[in-house]
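Below: target.pdb (PDB, C-alpha atoms, pLDDT in the B column)
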ATOM      1  CA  MET A   1       0.000   0.000   0.000  1.00 68.00           C
ATOM      2  CA  ARG A   2       1.374   3.395  -0.930  1.00 85.00           C
ATOM      3  CA  LYS A   3       1.604   6.109   1.672  1.00 94.00           C
ATOM      4  CA  VAL A   4       1.401   9.764   0.677  1.00 96.00           C
ATOM      5  CA  LYS A   5       1.247  12.906   2.795  1.00 97.00           C
ATOM      6  CA  ILE A   6      -0.303  15.966   1.130  1.00 97.00           C
ATOM      7  CA  ILE A   7      -0.832  19.492   2.401  1.00 97.00           C
ATOM      8  CA  ILE A   8      -3.111  21.942   0.638  1.00 96.00           C
ATOM      9  CA  ALA A   9      -2.749  25.579   1.683  1.00 95.00           C
ATOM     10  CA  GLY A  10      -4.253  28.860   0.604  1.00 93.00           C
ATOM     11  CA  VAL A  11      -6.513  31.583   1.876  1.00 89.00           C
ATOM     12  CA  GLY A  12     -10.194  31.572   2.718  1.00 85.00           C
ATOM     13  CA  GLY A  13     -12.434  31.525  -0.334  1.00 83.00           C
ATOM     14  CA  GLN A  14      -9.987  29.717  -2.635  1.00 89.00           C
ATOM     15  CA  GLY A  15     -11.470  26.260  -2.229  1.00 90.00           C
ATOM     16  CA  VAL A  16      -8.795  24.608  -0.083  1.00 92.00           C
ATOM     17  CA  VAL A  17     -11.397  22.518   1.757  1.00 91.00           C
ATOM     18  CA  PHE A  18     -13.193  21.604  -1.489  1.00 93.00           C
ATOM     19  CA  LEU A  19      -9.899  20.459  -2.992  1.00 96.00           C
ATOM     20  CA  SER A  20      -9.142  18.324   0.069  1.00 95.00           C
ATOM     21  CA  ARG A  21     -12.555  16.706  -0.274  1.00 94.00           C
ATOM     22  CA  LEU A  22     -11.911  16.071  -3.958  1.00 96.00           C
ATOM     23  CA  LEU A  23      -8.629  14.291  -3.167  1.00 96.00           C
ATOM     24  CA  ALA A  24     -10.404  12.357  -0.416  1.00 95.00           C
ATOM     25  CA  GLU A  25     -13.046  11.224  -2.908  1.00 95.00           C
ATOM     26  CA  ALA A  26     -10.301  10.152  -5.333  1.00 96.00           C
ATOM     27  CA  ALA A  27      -8.684   8.131  -2.538  1.00 95.00           C
ATOM     28  CA  VAL A  28     -11.991   6.477  -1.649  1.00 94.00           C
ATOM     29  CA  GLN A  29     -12.632   5.605  -5.303  1.00 95.00           C
ATOM     30  CA  ALA A  30      -9.122   4.121  -5.501  1.00 95.00           C
ATOM     31  CA  GLY A  31      -9.866   2.004  -2.404  1.00 94.00           C
ATOM     32  CA  GLU A  32      -7.150   3.716  -0.379  1.00 95.00           C
ATOM     33  CA  PRO A  33      -7.562   4.521   3.306  1.00 95.00           C
ATOM     34  CA  LEU A  34      -7.140   8.155   4.208  1.00 93.00           C
ATOM     35  CA  ILE A  35      -7.252  10.467   7.147  1.00 94.00           C
ATOM     36  CA  SER A  36      -7.456  14.249   6.959  1.00 91.00           C
ATOM     37  CA  TYR A  37      -7.367  17.412   9.012  1.00 88.00           C
ATOM     38  CA  GLU A  38      -8.746  20.819   8.059  1.00 82.00           C
ATOM     39  CA  SER A  39      -7.584  24.042   9.676  1.00 78.00           C
ATOM     40  CA  HIS A  40     -10.231  26.583   8.764  1.00 60.00           C
ATOM     41  CA  GLY A  41     -12.232  27.285  11.886  1.00 53.00           C
ATOM     42  CA  MET A  42     -10.562  30.646  12.515  1.00 52.00           C
ATOM     43  CA  ALA A  43     -10.137  31.522   8.844  1.00 54.00           C
ATOM     44  CA  MET A  44     -12.332  34.027   7.136  1.00 61.00           C
ATOM     45  CA  ARG A  45     -12.285  35.114   3.537  1.00 65.00           C
ATOM     46  CA  GLY A  46      -8.629  35.960   2.995  1.00 70.00           C
ATOM     47  CA  GLY A  47      -7.303  34.187   6.127  1.00 81.00           C
ATOM     48  CA  SER A  48      -4.963  31.187   6.065  1.00 86.00           C
ATOM     49  CA  VAL A  49      -6.519  27.781   5.443  1.00 89.00           C
ATOM     50  CA  SER A  50      -4.757  24.445   5.256  1.00 91.00           C
ATOM     51  CA  CYS A  51      -5.676  20.789   5.002  1.00 94.00           C
ATOM     52  CA  HIS A  52      -3.523  17.760   5.751  1.00 95.00           C
ATOM     53  CA  LEU A  53      -4.289  14.480   3.966  1.00 95.00           C
ATOM     54  CA  LYS A  54      -2.583  11.199   4.640  1.00 96.00           C
ATOM     55  CA  ILE A  55      -3.289   8.443   2.167  1.00 95.00           C
ATOM     56  CA  GLY A  56      -2.394   4.963   3.355  1.00 92.00           C
ATOM     57  CA  GLY A  57      -2.451   3.330   6.770  1.00 87.00           C
ATOM     58  CA  PHE A  58      -1.907   6.275   9.106  1.00 90.00           C
ATOM     59  CA  GLN A  59      -3.247   6.834  12.615  1.00 89.00           C
ATOM     60  CA  SER A  60      -2.904  10.612  13.010  1.00 89.00           C
ATOM     61  CA  PRO A  61      -3.928  13.263  10.457  1.00 89.00           C
ATOM     62  CA  LEU A  62      -1.315  15.910  11.212  1.00 92.00           C
ATOM     63  CA  ILE A  63       1.812  16.146   9.094  1.00 95.00           C
ATOM     64  CA  ALA A  64       4.956  17.152  10.957  1.00 94.00           C
ATOM     65  CA  ALA A  65       7.806  19.328   9.694  1.00 95.00           C
ATOM     66  CA  GLY A  66       9.794  17.710   6.899  1.00 96.00           C
ATOM     67  CA  GLU A  67       7.247  14.934   6.240  1.00 96.00           C
ATOM     68  CA  ALA A  68       4.935  16.158   3.443  1.00 97.00           C
ATOM     69  CA  ASP A  69       5.430  14.470   0.094  1.00 97.00           C
ATOM     70  CA  VAL A  70       3.338  17.071  -1.747  1.00 97.00           C
ATOM     71  CA  LEU A  71       2.357  20.682  -1.086  1.00 96.00           C
ATOM     72  CA  LEU A  72      -0.396  22.276  -3.151  1.00 97.00           C
ATOM     73  CA  LEU A  73      -0.339  26.051  -2.664  1.00 96.00           C
ATOM     74  CA  LEU A  74      -3.315  27.976  -3.946  1.00 96.00           C
ATOM     75  CA  ALA A  75      -1.769  31.228  -2.702  1.00 93.00           C
ATOM     76  CA  ALA A  76       1.983  31.746  -3.098  1.00 92.00           C
ATOM     77  CA  GLU A  77       2.047  33.997  -0.032  1.00 91.00           C
ATOM     78  CA  GLU A  78       1.355  30.919   2.107  1.00 90.00           C
ATOM     79  CA  LEU A  79       4.729  29.403   1.148  1.00 92.00           C
ATOM     80  CA  PRO A  80       6.633  30.769   4.186  1.00 91.00           C
ATOM     81  CA  HIS A  81       3.979  29.298   6.490  1.00 90.00           C
ATOM     82  CA  VAL A  82       4.059  25.743   5.167  1.00 92.00           C
ATOM     83  CA  GLN A  83       7.307  25.101   3.282  1.00 92.00           C
ATOM     84  CA  HIS A  84       8.966  23.700   6.426  1.00 94.00           C
ATOM     85  CA  LEU A  85       6.478  20.828   6.271  1.00 95.00           C
ATOM     86  CA  LEU A  86       7.812  19.586   2.913  1.00 96.00           C
ATOM     87  CA  LYS A  87      10.337  16.751   2.684  1.00 95.00           C
ATOM     88  CA  ASP A  88      13.702  17.690   1.214  1.00 94.00           C
ATOM     89  CA  ASP A  89      12.791  15.703  -1.903  1.00 93.00           C
ATOM     90  CA  GLY A  90       9.087  16.629  -1.809  1.00 95.00           C
ATOM     91  CA  ARG A  91       7.014  18.162  -4.597  1.00 95.00           C
ATOM     92  CA  LEU A  92       5.615  21.678  -4.436  1.00 95.00           C
ATOM     93  CA  PHE A  93       2.906  22.921  -6.803  1.00 96.00           C
ATOM     94  CA  VAL A  94       2.347  26.675  -6.494  1.00 95.00           C
ATOM     95  CA  ASN A  95      -0.241  29.026  -7.943  1.00 95.00           C
ATOM     96  CA  GLY A  96       2.093  31.814  -8.977  1.00 91.00           C
ATOM     97  CA  GLU A  97       4.575  33.069 -11.469  1.00 81.00           C
ATOM     98  CA  GLU A  98       7.637  33.118  -9.229  1.00 69.00           C
ATOM     99  CA  ALA A  99       8.713  31.063  -6.243  1.00 55.00           C
ATOM    100  CA  GLY A 100      10.158  33.965  -4.294  1.00 51.00           C
ATOM    101  CA  LYS A 101      13.711  34.657  -3.254  1.00 44.00           C
ATOM    102  CA  ASP A 102      14.134  31.486  -1.204  1.00 51.00           C
ATOM    103  CA  GLY A 103      13.661  28.474  -3.467  1.00 53.00           C
ATOM    104  CA  GLY A 104      13.917  26.302  -0.356  1.00 63.00           C
ATOM    105  CA  LYS A 105      13.624  22.552  -0.547  1.00 70.00           C
ATOM    106  CA  GLY A 106      11.742  20.249  -2.834  1.00 77.00           C
ATOM    107  CA  GLN A 107      10.982  20.473  -6.517  1.00 88.00           C
ATOM    108  CA  ILE A 108       8.847  23.534  -7.280  1.00 90.00           C
ATOM    109  CA  SER A 109       6.430  23.754 -10.202  1.00 92.00           C
ATOM    110  CA  LEU A 110       4.603  27.013 -10.843  1.00 93.00           C
ATOM    111  CA  VAL A 111       1.285  27.527 -12.585  1.00 95.00           C
ATOM    112  CA  PRO A 112      -0.320  30.973 -13.028  1.00 96.00           C
ATOM    113  CA  ALA A 113      -3.706  29.569 -11.987  1.00 96.00           C
ATOM    114  CA  SER A 114      -5.233  32.881 -10.854  1.00 95.00           C
ATOM    115  CA  ALA A 115      -4.494  34.533 -14.194  1.00 95.00           C
ATOM    116  CA  MET A 116      -5.672  31.458 -16.094  1.00 95.00           C
ATOM    117  CA  ALA A 117      -8.921  31.332 -14.114  1.00 95.00           C
ATOM    118  CA  LEU A 118      -9.717  34.942 -14.980  1.00 95.00           C
ATOM    119  CA  GLU A 119      -8.686  34.537 -18.623  1.00 95.00           C
ATOM    120  CA  HIS A 120     -11.003  31.532 -19.059  1.00 95.00           C
ATOM    121  CA  ASN A 121     -13.887  33.010 -17.039  1.00 94.00           C
ATOM    122  CA  LEU A 122     -13.433  30.464 -14.229  1.00 92.00           C
ATOM    123  CA  PRO A 123     -12.692  32.876 -11.347  1.00 89.00           C
ATOM    124  CA  ARG A 124     -13.659  30.423  -8.596  1.00 90.00           C
ATOM    125  CA  ALA A 125     -11.676  27.495  -9.988  1.00 94.00           C
ATOM    126  CA  VAL A 126      -8.067  28.320  -9.090  1.00 95.00           C
ATOM    127  CA  ASN A 127      -8.011  25.240  -6.867  1.00 96.00           C
ATOM    128  CA  LEU A 128      -9.002  22.921  -9.699  1.00 97.00           C
ATOM    129  CA  ILE A 129      -6.527  24.465 -12.124  1.00 97.00           C
ATOM    130  CA  VAL A 130      -3.740  23.801  -9.607  1.00 97.00           C
ATOM    131  CA  ALA A 131      -5.054  20.252  -9.054  1.00 97.00           C
ATOM    132  CA  GLY A 132      -5.192  19.540 -12.784  1.00 97.00           C
ATOM    133  CA  PHE A 133      -1.684  20.937 -13.204  1.00 97.00           C
ATOM    134  CA  ALA A 134      -0.385  18.690 -10.397  1.00 97.00           C
ATOM    135  CA  ALA A 135      -2.265  15.669 -11.771  1.00 97.00           C
ATOM    136  CA  ALA A 136      -0.409  16.045 -15.081  1.00 96.00           C
ATOM    137  CA  HIS A 137       2.816  15.158 -13.247  1.00 95.00           C
ATOM    138  CA  SER A 138       3.661  11.501 -12.655  1.00 92.00           C
ATOM    139  CA  ASP A 139       4.728  12.090  -9.051  1.00 90.00           C
ATOM    140  CA  PHE A 140       1.257  13.336  -8.038  1.00 95.00           C
ATOM    141  CA  PRO A 141      -0.760  10.504  -6.489  1.00 95.00           C
ATOM    142  CA  TYR A 142      -3.850  10.882  -8.714  1.00 96.00           C
ATOM    143  CA  SER A 143      -4.247  11.309 -12.450  1.00 96.00           C
ATOM    144  CA  VAL A 144      -6.535  13.859 -14.041  1.00 96.00           C
ATOM    145  CA  ASP A 145      -8.857  10.968 -14.991  1.00 97.00           C
ATOM    146  CA  GLN A 146      -9.126   9.929 -11.337  1.00 97.00           C
ATOM    147  CA  LEU A 147      -9.799  13.518 -10.251  1.00 97.00           C
ATOM    148  CA  ARG A 148     -12.405  13.952 -13.009  1.00 97.00           C
ATOM    149  CA  ALA A 149     -14.160  10.759 -11.856  1.00 97.00           C
ATOM    150  CA  ALA A 150     -14.131  12.059  -8.287  1.00 96.00           C
ATOM    151  CA  LEU A 151     -15.580  15.415  -9.417  1.00 94.00           C
ATOM    152  CA  GLU A 152     -18.340  13.624 -11.270  1.00 94.00           C
ATOM    153  CA  LYS A 153     -19.248  11.742  -8.084  1.00 93.00           C
ATOM    154  CA  MET A 154     -19.426  14.864  -5.891  1.00 92.00           C
ATOM    155  CA  PRO A 155     -22.775  16.656  -5.579  1.00 90.00           C
ATOM    156  CA  ALA A 156     -23.025  19.796  -7.724  1.00 90.00           C
ATOM    157  CA  LYS A 157     -25.279  21.461 -10.251  1.00 93.00           C
ATOM    158  CA  GLU A 158     -24.448  20.340 -13.772  1.00 93.00           C
ATOM    159  CA  THR A 159     -23.219  23.810 -14.814  1.00 92.00           C
ATOM    160  CA  ILE A 160     -20.855  23.940 -11.832  1.00 92.00           C
ATOM    161  CA  ARG A 161     -19.644  20.395 -12.462  1.00 94.00           C
ATOM    162  CA  ALA A 162     -18.912  21.277 -16.114  1.00 94.00           C
ATOM    163  CA  ALA A 163     -16.975  24.399 -15.066  1.00 94.00           C
ATOM    164  CA  ASN A 164     -15.026  22.389 -12.477  1.00 95.00           C
ATOM    165  CA  ILE A 165     -14.075  19.748 -15.026  1.00 96.00           C
ATOM    166  CA  ALA A 166     -13.084  22.446 -17.536  1.00 95.00           C
ATOM    167  CA  ALA A 167     -10.801  24.036 -14.920  1.00 96.00           C
ATOM    168  CA  LEU A 168      -9.259  20.674 -14.019  1.00 96.00           C
ATOM    169  CA  GLU A 169      -8.543  19.910 -17.667  1.00 96.00           C
ATOM    170  CA  LEU A 170      -7.169  23.422 -18.282  1.00 96.00           C
ATOM    171  CA  GLY A 171      -4.642  22.924 -15.477  1.00 96.00           C
ATOM    172  CA  CYS A 172      -3.728  19.510 -16.842  1.00 95.00           C
ATOM    173  CA  GLN A 173      -3.072  20.912 -20.337  1.00 93.00           C
ATOM    174  CA  VAL A 174      -0.624  23.441 -18.901  1.00 88.00           C
ATOM    175  CA  GLY A 175       1.058  20.746 -16.800  1.00 80.00           C
ATOM    176  CA  LEU A 176       1.761  18.410 -19.704  1.00 73.00           C
TER     177      LEU A 176
END
When written as structure tokens, how does the structure in this file appear?
Amino acid sequence: MRKVKIIIAGVGGQGVVFLSRLLAEAAVQAGEPLISYESHGMAMRGGSVSCHLKIGGFQSPLIAAGEADVLLLLAAEELPHVQHLLKDDGRLFVNGEEAGKDGGKGQISLVPASAMALEHNLPRAVNLIVAGFAAAHSDFPYSVDQLRAALEKMPAKETIRAANIAALELGCQVGL
């Protein structure tokens, strides 16, 4: 059984919690056990939000410093708050056009998801663009097909589901 530790971070209103639920649904569909933790109780629109997901046979949901295999950052300004959680050889997917002055550890991949969301009239889908971008990389635990299947299983109006899938596929195209 594979074991993967993922942290999703951003600010309130970006869909951090939705994205964690999408990855949880993908894990369930893949028959993988998972445990998660959401830190959003004190967050308001614009405040820090993060979710920890552990896929595999784990007992505790929290991810300690230096243990995350993957970081998904929906807001580049959250990097200083969570980068210490990434393994030295971890993978970092960031919504942004530059990583900042301190490249830090791990392999960083940037996607201008905010700009892409506005350009394609998908302003609330930054999270799915980042997810699709990450899913295009072989070291991300789920493929875009698995994430699409999970999206199709989640409750949503058909117009919202179509927009979500379009955003996921847009991110994937950029990631290829």
- Determine, counting all atoms listed in the file, which protein, DNA and RNA residues have an atom within 12 Å of an atom of region 153-160 of chain A; residues of the same chain fewer than 5 positions away are not included. Present the result as a ChimeraX atom specification. /A:18-19,21-26,28-29,122,124-125,146-148,165-167
- Item | the PyMOL selection byres ((chain A and resi 47-52) around 7) applied to the shown file, residues as a ChimeraX atom specification | /A:6-12,16-17,20,36-40,43-46,53-54,61-63
Write a file of the selected residues as a compact mmCIF listing (two decimals), keeping the file's coordinate frame, keeping C-alpha atoms.
# COMPACT_ATOMS: atom_id res chain seq x y z
CA ILE A 6 -0.30 15.97 1.13
CA ILE A 7 -0.83 19.49 2.40
CA ILE A 8 -3.11 21.94 0.64
CA ALA A 9 -2.75 25.58 1.68
CA GLY A 10 -4.25 28.86 0.60
CA VAL A 11 -6.51 31.58 1.88
CA GLY A 12 -10.19 31.57 2.72
CA VAL A 16 -8.80 24.61 -0.08
CA VAL A 17 -11.40 22.52 1.76
CA SER A 20 -9.14 18.32 0.07
CA SER A 36 -7.46 14.25 6.96
CA TYR A 37 -7.37 17.41 9.01
CA GLU A 38 -8.75 20.82 8.06
CA SER A 39 -7.58 24.04 9.68
CA HIS A 40 -10.23 26.58 8.76
CA ALA A 43 -10.14 31.52 8.84
CA MET A 44 -12.33 34.03 7.14
CA ARG A 45 -12.28 35.11 3.54
CA GLY A 46 -8.63 35.96 3.00
CA LEU A 53 -4.29 14.48 3.97
CA LYS A 54 -2.58 11.20 4.64
CA PRO A 61 -3.93 13.26 10.46
CA LEU A 62 -1.32 15.91 11.21
CA ILE A 63 1.81 16.15 9.09
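The residues returned by the PyMOL selection byres ((chain A and resi 93) around 7) on the shown structure are Leu71, Leu72, Leu73, Arg91, Leu92, Val94, Asn95, Ile108, Ser109, Leu110 and Ala134 of chain A.
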Grab the residues selected above and save them as a PDB file, in the coordinates of the input with C-alpha atoms.
ATOM      1  CA  LEU A  71       2.357  20.682  -1.086  1.00 96.00           C
ATOM      2  CA  LEU A  72      -0.396  22.276  -3.151  1.00 97.00           C
ATOM      3  CA  LEU A  73      -0.339  26.051  -2.664  1.00 96.00           C
ATOM      4  CA  ARG A  91       7.014  18.162  -4.597  1.00 95.00           C
ATOM      5  CA  LEU A  92       5.615  21.678  -4.436  1.00 95.00           C
ATOM      6  CA  VAL A  94       2.347  26.675  -6.494  1.00 95.00           C
ATOM      7  CA  ASN A  95      -0.241  29.026  -7.943  1.00 95.00           C
ATOM      8  CA  ILE A 108       8.847  23.534  -7.280  1.00 90.00           C
ATOM      9  CA  SER A 109       6.430  23.754 -10.202  1.00 92.00           C
ATOM     10  CA  LEU A 110       4.603  27.013 -10.843  1.00 93.00           C
ATOM     11  CA  ALA A 134      -0.385  18.690 -10.397  1.00 97.00           C
TER      12      ALA A 134
END
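Nearest to Asp139 (chain A) of all the residues A:Ala113, A:Leu170, A:Val4, A:Val126 is A:Val4, counting all atoms listed in the file.
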- What is the distance, in Å and to one decimal place, between CA of Leu176 (chain A) and CA of Ala136 (chain A)?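 Separating CA of Leu176 (chain A) from CA of Ala136 (chain A) is a distance of 5.6 Å.
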- Note on the structure: Correct to one decimal, the distance CA of Glu119 (chain A)-CA of Phe133 (chain A) is 16.2 Å
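Proximity to Met116 (chain A) was assessed for A:Gly66, A:Gly57, A:Pro80, A:Gly96 counting all atoms listed in the file; the smallest distance is recorded for A:Gly96.
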- Nearest residue to His84 (chain A) from the set A:Leu151, A:Leu168, A:Val70, A:Ile35 (distances using all atoms listed in the file):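 Ranked by minimum distance to His84 (chain A), first place goes to A:Val70.
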- Item | Coordinates-based distance that separates CA of Pro141 (chain A) from CA of Ala75 (chain A) (Å, one decimal) |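 CA of Pro141 (chain A) lies 21.1 Å from CA of Ala75 (chain A).
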Step by step, gather every atom of region 158-167 of chain A that the file lists, find the box along x, y and z that holds them, add 6 Å on each side, and finally give centre and edge lengths in Å to one decimal, as AutoDock Vina command-line options.
--center_x -17.6 --center_y 22.1 --center_z -14.7 --size_x 25.6 --size_y 16.7 --size_z 17.7
- Between A:Lys87, A:Val174, A:Ala76, A:Asp145, which has the minimum distance to Lys5 (chain A) (counting only C-alpha atoms)?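 Ranking A:Lys87, A:Val174, A:Ala76, A:Asp145 by distance to Lys5 (chain A), first place goes to A:Lys87.
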